[in-house]
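This is final.cif. It holds mmCIF, C-alpha atoms and all ligand atoms.
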data_start
loop_
_atom_site.label_atom_id
_atom_site.label_comp_id
_atom_site.auth_asym_id
_atom_site.auth_seq_id
_atom_site.Cartn_x
_atom_site.Cartn_y
_atom_site.Cartn_z
CA MET X 1 -5.30 -0.87 -21.22
CA LYS X 2 -5.03 -4.54 -20.34
CA GLU X 3 -6.69 -5.58 -17.12
CA GLY X 4 -4.74 -6.66 -14.05
CA PHE X 5 -6.77 -8.09 -11.22
CA SER X 6 -10.48 -7.71 -11.91
CA VAL X 7 -11.11 -9.16 -8.50
CA PHE X 8 -9.01 -9.74 -5.39
CA ASN X 9 -9.31 -13.14 -3.73
CA ASN X 10 -6.67 -12.88 -1.06
CA VAL X 11 -5.26 -10.42 1.40
CA ILE X 12 -2.28 -10.72 3.74
CA VAL X 13 -2.06 -8.63 6.90
CA ARG X 14 0.18 -8.71 9.96
CA ARG X 15 -1.00 -7.95 13.47
CA PRO X 16 0.53 -4.81 14.97
CA CYS X 17 3.18 -5.50 17.62
CA ARG X 18 3.59 -3.76 20.99
CA ALA X 19 6.82 -2.24 19.68
CA MET X 20 4.77 -0.27 17.16
CA VAL X 21 4.92 2.64 19.60
CA GLU X 22 8.56 2.94 18.49
CA GLY X 23 7.68 2.91 14.78
CA ILE X 24 9.01 5.49 12.35
CA THR X 25 7.03 8.70 12.16
CA SER X 26 7.29 12.12 10.56
CA ASN X 27 4.39 13.26 12.71
CA PRO X 28 5.55 12.94 16.34
CA GLN X 29 3.19 15.77 17.27
CA LEU X 30 0.30 13.29 16.83
CA GLY X 31 1.63 11.31 19.80
CA LYS X 32 2.44 7.62 20.15
CA PRO X 33 -0.09 5.03 19.00
CA ASP X 34 -2.30 3.43 21.65
CA TYR X 35 -1.54 -0.27 21.14
CA GLU X 36 -4.87 -1.64 22.39
CA LYS X 37 -6.75 0.80 20.20
CA ALA X 38 -4.57 -0.11 17.23
CA LEU X 39 -5.49 -3.79 17.70
CA LEU X 40 -9.21 -2.93 17.70
CA GLN X 41 -8.76 -0.82 14.56
CA HIS X 42 -6.87 -3.69 12.96
CA ASP X 43 -9.77 -6.03 13.84
CA SER X 44 -12.15 -3.63 12.06
CA TYR X 45 -9.82 -3.48 9.07
CA ILE X 46 -9.84 -7.28 8.77
CA ALA X 47 -13.62 -7.36 9.12
CA ALA X 48 -13.98 -4.74 6.36
CA LEU X 49 -11.76 -6.77 4.04
CA LYS X 50 -13.78 -9.94 4.71
CA GLU X 51 -16.94 -8.01 3.86
CA CYS X 52 -15.35 -7.35 0.44
CA GLY X 53 -15.21 -11.10 -0.19
CA VAL X 54 -11.51 -11.84 0.25
CA ALA X 55 -9.82 -14.54 2.32
CA VAL X 56 -7.58 -12.87 4.88
CA THR X 57 -4.28 -14.43 5.98
CA VAL X 58 -3.35 -12.93 9.34
CA LEU X 59 0.35 -13.14 10.17
CA PRO X 60 1.41 -12.95 13.84
CA ALA X 61 2.85 -9.78 15.36
CA ASP X 62 6.62 -9.50 15.03
CA GLU X 63 8.13 -7.53 17.90
CA ARG X 64 11.51 -7.23 16.17
CA TYR X 65 10.06 -4.85 13.61
CA PRO X 66 7.99 -1.96 15.01
CA ASP X 67 6.55 -1.10 11.57
CA SER X 68 5.88 -4.68 10.47
CA CYS X 69 2.08 -4.31 10.39
CA PHE X 70 2.64 -2.23 7.24
CA VAL X 71 2.97 -5.36 5.06
CA GLU X 72 2.53 -3.45 1.84
CA ASP X 73 6.15 -2.32 1.92
CA PRO X 74 8.24 -5.55 1.92
CA ALA X 75 6.43 -7.12 -1.08
CA VAL X 76 4.55 -6.22 -4.25
CA ILE X 77 2.10 -8.72 -5.70
CA THR X 78 1.09 -8.64 -9.35
CA ARG X 79 -1.14 -11.10 -11.19
CA LYS X 80 1.98 -12.68 -12.73
CA CYS X 81 4.56 -12.64 -9.94
CA ALA X 82 5.38 -11.56 -6.41
CA ILE X 83 8.32 -9.23 -5.86
CA ILE X 84 10.10 -9.19 -2.52
CA THR X 85 11.33 -5.64 -2.11
CA ASN X 86 14.40 -4.31 -0.35
CA PRO X 87 12.97 -1.70 2.04
CA GLY X 88 15.00 1.50 2.15
CA ALA X 89 14.35 2.12 5.84
CA ALA X 90 17.13 0.31 7.74
CA SER X 91 14.89 -0.66 10.68
CA ARG X 92 12.43 -2.25 8.23
CA ASN X 93 14.76 -4.03 5.84
CA GLY X 94 14.55 -7.40 7.63
CA GLU X 95 10.77 -7.47 7.11
CA LYS X 96 11.43 -8.76 3.60
CA ASP X 97 12.62 -12.11 5.03
CA GLU X 98 9.58 -12.39 7.27
CA ILE X 99 7.01 -11.84 4.52
CA LEU X 100 8.57 -14.45 2.25
CA PRO X 101 7.05 -17.60 3.87
CA ALA X 102 3.57 -16.08 3.48
CA ILE X 103 4.25 -15.30 -0.19
CA ARG X 104 5.49 -18.87 -0.74
CA LYS X 105 2.07 -20.18 0.27
CA PHE X 106 0.61 -18.54 -2.84
CA PHE X 107 3.48 -18.43 -5.37
CA THR X 108 5.99 -20.94 -6.72
CA GLU X 109 9.72 -20.12 -6.68
CA ASP X 110 9.74 -19.15 -10.37
CA GLN X 111 7.01 -16.61 -9.65
CA ILE X 112 8.95 -14.92 -6.84
CA GLU X 113 11.41 -12.15 -7.71
CA TYR X 114 13.70 -10.02 -5.55
CA ILE X 115 14.93 -6.43 -5.52
CA LYS X 116 18.63 -6.58 -4.63
CA SER X 117 21.04 -4.08 -3.04
CA PRO X 118 22.08 -1.45 -3.94
CA GLY X 119 18.52 -1.24 -5.25
CA THR X 120 15.91 -0.30 -2.65
CA LEU X 121 12.16 -0.25 -3.05
CA GLU X 122 9.11 -0.20 -0.78
CA GLY X 123 5.68 -1.35 -1.90
CA GLY X 124 4.05 1.88 -0.73
CA ASP X 125 5.76 3.48 -3.71
CA VAL X 126 4.05 1.17 -6.19
CA MET X 127 0.61 1.88 -7.62
CA MET X 128 -1.03 -0.71 -9.86
CA VAL X 129 -3.23 0.42 -12.74
CA GLY X 130 -4.20 -2.68 -14.68
CA ASP X 131 -0.97 -4.22 -15.89
CA HIS X 132 0.99 -0.98 -15.50
CA PHE X 133 2.78 -0.02 -12.31
CA TYR X 134 3.70 3.54 -11.34
CA VAL X 135 6.73 3.63 -9.06
CA GLY X 136 7.58 6.59 -6.87
CA ARG X 137 11.21 7.58 -6.51
CA SER X 138 11.34 8.50 -2.85
CA ALA X 139 13.64 8.54 0.16
CA ARG X 140 12.90 4.76 0.39
CA THR X 141 12.91 3.71 -3.28
CA ASN X 142 15.96 4.52 -5.37
CA GLU X 143 16.78 4.65 -9.07
CA GLU X 144 18.42 1.20 -9.09
CA GLY X 145 15.45 -0.34 -7.25
CA ILE X 146 13.11 1.09 -9.87
CA ARG X 147 15.34 -0.15 -12.70
CA GLN X 148 15.28 -3.70 -11.30
CA PHE X 149 11.55 -3.52 -10.60
CA ILE X 150 10.65 -2.44 -14.15
CA ALA X 151 12.95 -5.13 -15.60
CA ILE X 152 11.11 -7.77 -13.52
CA LEU X 153 7.72 -6.44 -14.64
CA GLU X 154 8.76 -6.54 -18.29
CA LYS X 155 10.06 -10.10 -17.92
CA HIS X 156 6.54 -11.07 -16.86
CA GLY X 157 4.76 -9.12 -19.61
CA LEU X 158 3.86 -6.15 -17.40
CA SER X 159 5.12 -2.56 -17.48
CA GLY X 160 6.24 0.18 -15.12
CA SER X 161 7.24 3.82 -15.07
CA GLU X 162 8.86 6.16 -12.59
CA VAL X 163 7.11 9.04 -10.85
CA THR X 164 9.12 11.59 -8.92
CA LEU X 165 7.92 12.77 -5.56
CA GLU X 166 9.20 15.39 -3.19
CA GLU X 167 6.72 15.96 -0.42
CA VAL X 168 5.32 12.66 0.82
CA LEU X 169 6.70 9.42 2.26
CA HIS X 170 5.43 7.04 -0.40
CA LEU X 171 3.71 7.44 -3.77
CA LYS X 172 0.45 6.05 -2.40
CA THR X 173 0.54 8.49 0.50
CA GLY X 174 -0.80 10.96 -2.03
CA VAL X 175 -2.33 9.12 -4.99
CA ASN X 176 -4.47 5.99 -5.19
CA TYR X 177 -6.23 4.26 -8.06
CA LEU X 178 -9.82 3.10 -7.47
CA GLU X 179 -10.21 1.17 -10.76
CA ASN X 180 -12.69 2.25 -13.49
CA GLY X 181 -10.38 5.16 -14.41
CA ASN X 182 -10.89 6.85 -11.03
CA MET X 183 -7.94 8.19 -9.08
CA LEU X 184 -7.74 10.07 -5.78
CA VAL X 185 -5.02 12.73 -5.95
CA SER X 186 -3.68 15.16 -3.36
CA GLY X 187 -0.91 17.72 -3.05
CA GLU X 188 1.98 17.31 -5.47
CA PHE X 189 0.06 14.69 -7.51
CA VAL X 190 -2.86 16.89 -8.50
CA HIS X 191 -1.11 18.25 -11.59
CA LYS X 192 1.33 15.44 -12.44
CA PRO X 193 1.23 14.96 -16.22
CA GLU X 194 1.38 11.16 -15.78
CA PHE X 195 -2.07 11.15 -14.24
CA THR X 196 -4.02 13.62 -16.37
CA GLN X 197 -5.47 10.74 -18.41
CA TYR X 198 -7.45 9.54 -15.38
CA ASN X 199 -10.62 10.85 -13.76
CA ARG X 200 -8.77 12.61 -10.96
CA VAL X 201 -10.64 13.45 -7.78
CA GLU X 202 -8.76 16.16 -5.94
CA ILE X 203 -8.58 15.70 -2.19
CA PRO X 204 -8.63 18.90 -0.10
CA GLU X 205 -5.43 19.63 1.80
CA GLU X 206 -7.03 19.21 5.22
CA GLU X 207 -8.10 15.66 4.30
CA ALA X 208 -4.91 14.72 2.43
CA TYR X 209 -4.32 11.69 4.68
CA ALA X 210 -7.48 10.10 3.25
CA ALA X 211 -6.16 10.11 -0.31
CA ASN X 212 -5.00 6.67 0.78
CA CYS X 213 -8.19 4.64 0.27
CA ILE X 214 -8.30 1.09 -1.09
CA TRP X 215 -10.51 -0.45 -3.75
CA VAL X 216 -11.41 -4.06 -2.93
CA ASN X 217 -13.85 -5.67 -5.35
CA ASP X 218 -15.93 -2.55 -6.04
CA THR X 219 -16.07 -1.52 -2.43
CA VAL X 220 -13.77 1.28 -1.35
CA ILE X 221 -12.48 1.28 2.21
CA VAL X 222 -12.11 4.89 3.37
CA PRO X 223 -10.50 6.11 6.60
CA GLU X 224 -13.10 7.29 9.11
CA GLY X 225 -13.28 11.00 9.83
CA TYR X 226 -12.72 12.50 6.37
CA PRO X 227 -16.20 13.57 5.18
CA ALA X 228 -15.13 15.24 1.93
CA VAL X 229 -13.28 12.13 0.79
CA GLU X 230 -16.12 9.84 1.88
CA LYS X 231 -18.60 11.96 -0.09
CA ALA X 232 -16.37 12.05 -3.17
CA VAL X 233 -15.90 8.28 -3.17
CA ARG X 234 -19.63 7.65 -2.68
CA SER X 235 -20.44 9.99 -5.54
CA LEU X 236 -18.25 7.86 -7.82
CA GLY X 237 -20.78 5.09 -7.15
CA TYR X 238 -18.77 2.81 -4.88
CA LYS X 239 -20.00 1.07 -1.80
CA VAL X 240 -18.00 2.57 1.09
CA ILE X 241 -16.80 0.98 4.32
CA LEU X 242 -15.26 3.31 6.90
CA VAL X 243 -12.41 2.13 9.11
CA ASP X 244 -10.80 4.24 11.83
CA THR X 245 -7.02 4.29 11.32
CA SER X 246 -6.07 7.03 13.80
CA GLU X 247 -3.38 4.94 15.53
CA PHE X 248 -1.68 3.96 12.26
CA ARG X 249 -1.79 7.55 11.04
CA LYS X 250 0.49 8.42 13.97
CA LEU X 251 3.13 6.29 12.18
CA ASP X 252 2.40 7.73 8.71
CA GLY X 253 0.49 4.55 7.86
CA GLY X 254 -2.73 4.43 5.88
CA LEU X 255 -5.19 1.81 4.68
CA SER X 256 -3.14 0.52 1.76
CA CYS X 257 -0.01 0.06 3.90
CA LEU X 258 -1.79 -2.46 6.12
CA SER X 259 -2.35 -5.18 3.49
CA LEU X 260 -1.21 -7.01 0.39
CA ARG X 261 -4.20 -7.53 -1.90
CA PHE X 262 -4.19 -10.01 -4.75
C1 LIG Z 1 7.32 3.82 7.81
O1 LIG Z 1 7.77 4.97 7.97
O2 LIG Z 1 7.89 2.99 7.11
C2 LIG Z 1 6.07 3.43 8.55
N1 LIG Z 1 6.01 4.13 9.80
C3 LIG Z 1 4.85 3.73 7.72
C4 LIG Z 1 4.77 2.92 6.47
C5 LIG Z 1 3.61 3.27 5.63
N2 LIG Z 1 3.52 2.39 4.51
C6 LIG Z 1 3.07 2.74 3.33
O3 LIG Z 1 2.80 3.92 3.07
N3 LIG Z 1 2.99 1.80 2.42
#

Rewrite the coordinates I just gave you, this time as structure tokens.
Amino acid sequence: MKEGFSVFNNVIVRRPCRAMVEGITSNPQLGKPDYEKALLQHDSYIAALKECGVAVTVLPADERYPDSCFVEDPAVITRKCAIITNPGAASRNGEKDEILPAIRKFFTEDQIEYIKSPGTLEGGDVMMVGDHFYVGRSARTNEEGIRQFIAILEKHGLSGSEVTLEEVLHLKTGVNYLENGNMLVSGEFVHKPEFTQYNRVEIPEEEAYAANCIWVNDTVIVPEGYPAVEKAVRSLGYKVILVDTSEFRKLDGGLSCLSLRF
């Protein structure tokens, strides 16, 4: 397989806004996020990324969009182009216009592509493995969005394929690639034929949230409080940094959702 990014140099994040307490959630029983605590957790997240050797661009909070700290969804960045998505959640769709100026700081116009209506796509449904991109067909990402996305990838010499999902919000809610052939899988992704070629590490049901870890330059950032996942990632030989994401979990958000890495 051809290599994609062998190293990440840049990361974009957006500070959580006070309105995050009104963000979308499928887990209201976890309660509303504590905003001050979320800011501290976000500080730790930025510090962890810096420790991995990337330059972090921090965008200001945007009160118009409660879920706007989850910058992974309105854009996908590949080593050839940046793709502005068309988020399927109505309250999040406008985030695509707000991420664009940040993308323009790193990419020229001919390197920026767009998913257009009626196509919808959210970056949380896209998992990069070298120059191949798996795309989850979810409640947020539709068939037309995937068709456009794969056509854009192919135009730039990359490839993509669709993965169906039934149980989780986004593809990367349940499966994440840690480079070197290693993949964390939970729930419906444990036995997906698409992924049997990888060294799959099965995440126990009670720690399923922590299937969403991120590889950043041979360090893996793991959510704090999931000992089985932490142990599994350490035993793969990675350096581990733990970051508490409890307040983002209340909005179905994990580590990958909080940044664009490239
Ligand atoms: C949402 O429902 O859109 C947000 N509350 C959570 C987004 C999580 N993003 C991601 O998995 N990439």

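Non-sequential neighbours of Ile12 of chain X (distance at most 6 Å, separation of 6 or more positions within a chain, all atoms listed in the file) are Val56, Thr57, Ser259 and Leu260 of chain X.
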
key: Separation of atom CA of Leu39 of chain X from atom CA of Lys96 of chain X, in Å and rounded to one decimal   =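 Those two atoms sit 22.6 Å apart.
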
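Between Val7 of chain X and the residues X:Gly124, X:Pro60, X:Gly254, X:Gly130, the shortest atom-to-atom distance, using all atoms listed in the file, involves X:Gly130.
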
task = State, in Å with one decimal place, the distance from atom CA of Cys17 of chain X to atom CA of Gly31 of chain X.
result =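 Computing the Euclidean distance for atom CA of Cys17 of chain X and atom CA of Gly31 of chain X yields 17.0 Å.
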
Go through chain X residue by residue and, counting only C-alpha atoms and all ligand atoms, keep those with an atom at most 8 Å from ligand LIG 1 (chain Z); for each kept residue give the shortest atom pair and its distance in Å to one decimal, ordered by chain and increasing number, as JSON lines.
{"residue": "X:Gly23", "atom": "CA", "partner": "Z:LIG1", "partner_atom": "N1", "distance": 5.4}
{"residue": "X:Ile24", "atom": "CA", "partner": "Z:LIG1", "partner_atom": "N1", "distance": 4.2}
{"residue": "X:Thr25", "atom": "CA", "partner": "Z:LIG1", "partner_atom": "N1", "distance": 5.2}
{"residue": "X:Ser26", "atom": "CA", "partner": "Z:LIG1", "partner_atom": "O1", "distance": 7.6}
{"residue": "X:Asp67", "atom": "CA", "partner": "Z:LIG1", "partner_atom": "C2", "distance": 5.5}
{"residue": "X:Phe70", "atom": "CA", "partner": "Z:LIG1", "partner_atom": "N2", "distance": 5.4}
{"residue": "X:Val71", "atom": "CA", "partner": "Z:LIG1", "partner_atom": "N3", "distance": 7.6}
{"residue": "X:Glu72", "atom": "CA", "partner": "Z:LIG1", "partner_atom": "N3", "distance": 5.3}
{"residue": "X:Asp73", "atom": "CA", "partner": "Z:LIG1", "partner_atom": "N3", "distance": 5.2}
{"residue": "X:Ala89", "atom": "CA", "partner": "Z:LIG1", "partner_atom": "O2", "distance": 6.6}
{"residue": "X:Arg92", "atom": "CA", "partner": "Z:LIG1", "partner_atom": "O2", "distance": 7.0}
{"residue": "X:Glu122", "atom": "CA", "partner": "Z:LIG1", "partner_atom": "N3", "distance": 7.2}
{"residue": "X:Gly123", "atom": "CA", "partner": "Z:LIG1", "partner_atom": "N3", "distance": 6.0}
{"residue": "X:Gly124", "atom": "CA", "partner": "Z:LIG1", "partner_atom": "N3", "distance": 3.3}
{"residue": "X:Asp125", "atom": "CA", "partner": "Z:LIG1", "partner_atom": "N3", "distance": 6.9}
{"residue": "X:Leu169", "atom": "CA", "partner": "Z:LIG1", "partner_atom": "O3", "distance": 6.8}
{"residue": "X:His170", "atom": "CA", "partner": "Z:LIG1", "partner_atom": "O3", "distance": 5.4}
{"residue": "X:Leu171", "atom": "CA", "partner": "Z:LIG1", "partner_atom": "O3", "distance": 7.7}
{"residue": "X:Lys172", "atom": "CA", "partner": "Z:LIG1", "partner_atom": "O3", "distance": 6.3}
{"residue": "X:Thr173", "atom": "CA", "partner": "Z:LIG1", "partner_atom": "O3", "distance": 5.7}
{"residue": "X:Phe248", "atom": "CA", "partner": "Z:LIG1", "partner_atom": "C3", "distance": 8.0}
{"residue": "X:Leu251", "atom": "CA", "partner": "Z:LIG1", "partner_atom": "N1", "distance": 4.3}
{"residue": "X:Asp252", "atom": "CA", "partner": "Z:LIG1", "partner_atom": "C3", "distance": 4.8}
{"residue": "X:Gly253", "atom": "CA", "partner": "Z:LIG1", "partner_atom": "C5", "distance": 4.0}
{"residue": "X:Gly254", "atom": "CA", "partner": "Z:LIG1", "partner_atom": "O3", "distance": 6.2}
{"residue": "X:Ser256", "atom": "CA", "partner": "Z:LIG1", "partner_atom": "N3", "distance": 6.3}
{"residue": "X:Cys257", "atom": "CA", "partner": "Z:LIG1", "partner_atom": "N3", "distance": 3.8}
{"residue": "X:Leu258", "atom": "CA", "partner": "Z:LIG1", "partner_atom": "N2", "distance": 7.4}

Interatomic distance (Å, one decimal) between atom CA of Thr85 of chain X and atom CA of Val216 of chain X = 22.8 Å

message = as a PyMOL selection string, please: the residues near Met128 of chain X (cut-off 12 Å, only C-alpha atoms, same-chain neighbours under 2 positions excluded).
response = chain X and resi 2-6+76-79+123-126+130-136+153+158-161+171-172+175-179+181+183+214-215+256+261-262

request  = May I ask which of the residues X:Val129, X:Val240, X:Ala210, X:Ala61 is the closest one to Tyr226 of chain X, counting all atoms listed in the file?
outcome  =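 Closest to Tyr226 of chain X of all the choices is X:Ala210.
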
Mind dumping a table of every segment 51-136 of chain X residue within 7 Å of segment 140-144 of chain X, with the nearest atom pair and its distance in Å to one decimal, using all atoms listed in the file, sorted by chain and rising number, as CSV?
residue,atom,partner,partner_atom,distance
X:Pro87,CA,X:Arg140,CA,6.7
X:Gly88,CA,X:Arg140,CA,4.3
X:Ala89,CA,X:Arg140,CA,6.2
X:Pro118,CA,X:Glu144,CA,6.9
X:Gly119,CA,X:Glu144,CA,4.6
X:Thr120,CA,X:Thr141,CA,5.0
X:Leu121,CA,X:Thr141,CA,4.0
X:Glu122,CA,X:Thr141,CA,6.0

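Shortest atom-to-atom contact with Pro16 of chain X among X:Val185, X:Glu247, X:Tyr238, X:Glu51: X:Glu247, counting all atoms listed in the file.
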
key: Residue nearest Asp218 of chain X - candidates X:Ile146, X:Ile46, X:Ile241, X:Val11, atoms counted: only C-alpha atoms   =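 Ranked by minimum distance to Asp218 of chain X, first place goes to X:Ile241.
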
message = When you count all atoms listed in the file, which of these residues is closest to Ile103 of chain X: X:Val13, X:Val243, X:Pro227, X:Gly174?
response = X:Val13

request  = Pick out the closest residue to Ser91 of chain X from this set: X:Glu109, X:Val233, X:Lys116, X:Tyr65. Count only C-alpha atoms.
outcome  =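 For Ser91 of chain X, the nearest of the given residues is X:Tyr65.
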
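For Arg249 of chain X, the non-local neighbours within 9 Å, defined as residues at least 6 positions apart in the same chain or in other chains and counting only C-alpha atoms, are X:Thr25, X:Asn27, X:Leu30, X:Pro33, X:Tyr209.
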
(-15.9, 7.0, 3.3) in this file's frame - what residues fall within 6 Å of it? Use only C-alpha atoms and give the answer as a compact mmCIF listing (two decimals) with C-alpha atoms, in the coordinates of the input.
# COMPACT_ATOMS: atom_id res chain seq x y z
CA VAL X 222 -12.11 4.89 3.37
CA GLU X 230 -16.12 9.84 1.88
CA VAL X 240 -18.00 2.57 1.09
CA LEU X 242 -15.26 3.31 6.90

message = What's around Ile112 of chain X at 6 Å? Count only C-alpha atoms, leave out sequence neighbours fewer than 6 positions away in its own chain, and write the answer as a ChimeraX atom specification.
response = /X:81-83

Would you save the residues from that selection as a PDB file, in the frame of the given file, using C-alpha atoms?
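Resulting contents of part12.pdb:
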ATOM      1  CA  CYS X  81       4.560 -12.640  -9.940  1.00  0.00           C
ATOM      2  CA  ALA X  82       5.380 -11.560  -6.410  1.00  0.00           C
ATOM      3  CA  ILE X  83       8.320  -9.230  -5.860  1.00  0.00           C
TER       4      ILE X  83
END
